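Undergrad: Have a look at this one.
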Amino acid sequence: MPATIISGVAVATAIRQEIAAEVAALKERHGLVPGLATILVGEDPASQSYVAAKNRTAHALGIHSEQITLPAATSEEELLRLVGQCNGNPAIHGILVQLPLPRHIDEAKVLFAIDPAKDVDGFHPVNAGKMMLGQRCFLPCTPNGIVELLLRAGIETAGAEVVVVGRSNIVGKPIANLLLQKRPGGDATVTVCHTRTRDMVAHTRRADILIVAAGVAKMIRADQIKEGAVVIDVGVNRIGQTASGKAILAGDVDFDDVLAKAGAITPVPGGVGPMTITMLMQNTLQAAKQAAGLL
Ligand code: GUN
């Protein structure tokens with residue numbers, strides 16, 4: 001039997017309806033409109049399309065959103081000044097600086113400059129630290145979206161052997177941490193594989209749940225997974241373009257190859273991606289409520 005396809009679009013749509021209803025109620029009862037500022041430095045086409053999708057979704061849910069686009073040559077000082085302005089702007093509850101930043105800008109310094117109370121990406125060390133300790137904080141959007149997707153798809157993580165491929169600060173490290181937490185959607189036994197792992201396939205073949213965030217197109221094939229495994233594909237790789245110039249995307253998993261062997265799988269596009277954006281909206285709503293003393 002082919003794998004169940006876990007639709008991130010369907011789950012994200014359901015959560016977005018809940019968020020839109022809450023945003024509308026907040027406006028009606030408290031005159032409060034959640035506000036998000038997105039900051040994009042440079043012209044990377046993938047980043048441009050991600051930021052555009054974030055702003056589009058915000059508008060669709062009734063969230064005020066300001067898209068700030070800066071040239072690649074923007075100085076670190078200028079970017080820090082802008083972040084400071086957003087920190088002080090009461091109409092902005094959430095700030096997102098799209099990564100990666102140009103090489104001349106110190107990413108850690110910029111993320112540290114964001115007010116932790118407006119850090120809807122959950123990248124500030126204060127939020128990352130709180131997450132590790134299991135304290136209430138803004139959770140990073142992709143890992144949080146994956147946990148939410150597993151929960152809503154009814155996939156049991158407690159006691160499961162979870163293997164994560166990739167150790168980035170944005171996905172690999174935080175998803176490993178969330179799955180380890182003592183709570184629903186956690187309680188897993190987690191292994192993290194990376195470029196220095198000696199025998200990656202020995203690990204991936206043991207996984208009940210395999211989460212791949214390596215940034216290598218179609219790297220996981222059927223012979224690398226266990227029969228019936230749940231496969232979560234976080235990769236978004238541009239492998240070409242159509243005649244009209246639209247990017248052709250592939251995940252880190254060879255979807256067609258794995259489909260017959262996996263128990264469930266997320267597609268690319270339409271899997272984890274829509275969940276990431278939805279969690280950003282949820283965090284922005286949470287930030288606005290916290291700022292107004294409603295949480
Ligand atoms: N680049 C890739 N993923 C993300 C994300 O979730 N947030 C930001 N700010 N940049 C990213």
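Chains: A, B, ... in order of the structure tokens. Residues: from 1 per chain. Ligands: from 1, in order shown.
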Please give me, as an MDAnalysis selection string, the residues lying within 6 Å of ligand 1 when counting only C-alpha atoms and all ligand atoms.
TA: chainID A and resid 96:100 121 141:142
Undergrad: Which neighbours of stretch 27-30 of chain A fall inside 12 Å, counting only C-alpha atoms, when residues of the same chain fewer than 6 positions from it are skipped, and could you give them as number ranges by chain?
TA: A: 20-21, 61-64, 285, 288-289, 292-294
Undergrad: Run DSSP on the backbone and give me the residues of stretch 39-219 of chain A it puts in strand (DSSP E or B), as a PyMOL selection string.
TA: chain A and resi 39-41+64-70+94-97+161-165+189-193+209-212
Undergrad: Just the residues within 12 Å of A:Arg183, please, counting only C-alpha atoms, with nothing from its chain fewer than 2 positions along; format it as a list in words.
TA: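 Contacts, with the query itself left out: Gly134, Gln135, Val147, Leu151, Glu156, Thr157, Ala158, Gly159, Asn177, Leu178, Leu179, Leu180, Gln181, Gly185, Gly186, Asp187 and Ala188 of chain A.
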Undergrad: Enter the distance from atom CA of A:Ile265 to atom CA of A:Val231, in Å, rounded to one decimal.
TA: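 Going from atom CA of A:Ile265 over to atom CA of A:Val231 covers 4.7 Å.
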Undergrad: Give me, as a tab-separated table, each residue of stretch 209-295 of chain A that comes within 10 Å of stretch 167-174 of chain A, together with its shortest interatomic pair and the distance in Å at one decimal, counting only C-alpha atoms, with rows ordered by chain and rising residue number.
TA:
```
residue	atom	partner	partner_atom	distance
A:Ile211	CA	A:Gly172	CA	8.6
A:Val212	CA	A:Gly172	CA	8.4
A:Ala213	CA	A:Gly172	CA	6.5
A:Ala214	CA	A:Arg167	CA	7.9
A:Val234	CA	A:Val171	CA	8.4
```
Undergrad: Produce a file of the selected residues containing all heavy atoms, as an mmCIF file, in the first residue's frame.
TA:
```cif
data_model
loop_
_atom_site.group_PDB
_atom_site.id
_atom_site.type_symbol
_atom_site.label_atom_id
_atom_site.label_comp_id
_atom_site.auth_asym_id
_atom_site.auth_seq_id
_atom_site.Cartn_x
_atom_site.Cartn_y
_atom_site.Cartn_z
ATOM 1 N N ILE A 211 13.075 12.681 9.824
ATOM 2 C CA ILE A 211 12.896 14.104 9.491
ATOM 3 C C ILE A 211 14.139 14.558 8.750
ATOM 4 O O ILE A 211 15.256 14.484 9.289
ATOM 5 C CB ILE A 211 12.671 14.932 10.773
ATOM 6 C CG1 ILE A 211 11.397 14.423 11.474
ATOM 7 C CG2 ILE A 211 12.570 16.425 10.453
ATOM 8 C CD1 ILE A 211 11.112 15.054 12.803
ATOM 9 N N VAL A 212 13.962 14.990 7.516
ATOM 10 C CA VAL A 212 15.127 15.291 6.686
ATOM 11 C C VAL A 212 15.199 16.791 6.390
ATOM 12 O O VAL A 212 14.306 17.355 5.756
ATOM 13 C CB VAL A 212 15.100 14.483 5.374
ATOM 14 C CG1 VAL A 212 16.462 14.555 4.696
ATOM 15 C CG2 VAL A 212 14.712 13.034 5.626
ATOM 16 N N ALA A 213 16.257 17.415 6.871
ATOM 17 C CA ALA A 213 16.473 18.846 6.662
ATOM 18 C C ALA A 213 17.955 19.052 6.360
ATOM 19 O O ALA A 213 18.699 19.668 7.129
ATOM 20 C CB ALA A 213 16.060 19.633 7.905
ATOM 21 N N ALA A 214 18.375 18.504 5.237
ATOM 22 C CA ALA A 214 19.799 18.517 4.897
ATOM 23 C C ALA A 214 20.118 19.492 3.766
ATOM 24 O O ALA A 214 21.262 19.880 3.576
ATOM 25 C CB ALA A 214 20.232 17.109 4.493
ATOM 26 N N VAL A 234 11.742 18.283 4.906
ATOM 27 C CA VAL A 234 11.812 19.728 5.148
ATOM 28 C C VAL A 234 12.516 20.451 3.989
ATOM 29 O O VAL A 234 12.485 21.668 3.887
ATOM 30 C CB VAL A 234 12.542 20.010 6.488
ATOM 31 C CG1 VAL A 234 12.450 21.479 6.872
ATOM 32 C CG2 VAL A 234 11.973 19.153 7.612
#
```
Undergrad: Run DSSP on the backbone and grab whatever in stretch 76-254 of chain A lands in alpha helix (DSSP H); send it over as a count of residues only.
TA: 54
Undergrad: I need the residue nearest A:Leu26 from this list: A:Phe123, A:Gln286, A:Leu133, A:Ala72. Use only C-alpha atoms for the distance.
TA: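 Distance minimum relative to A:Leu26 lands on A:Gln286.
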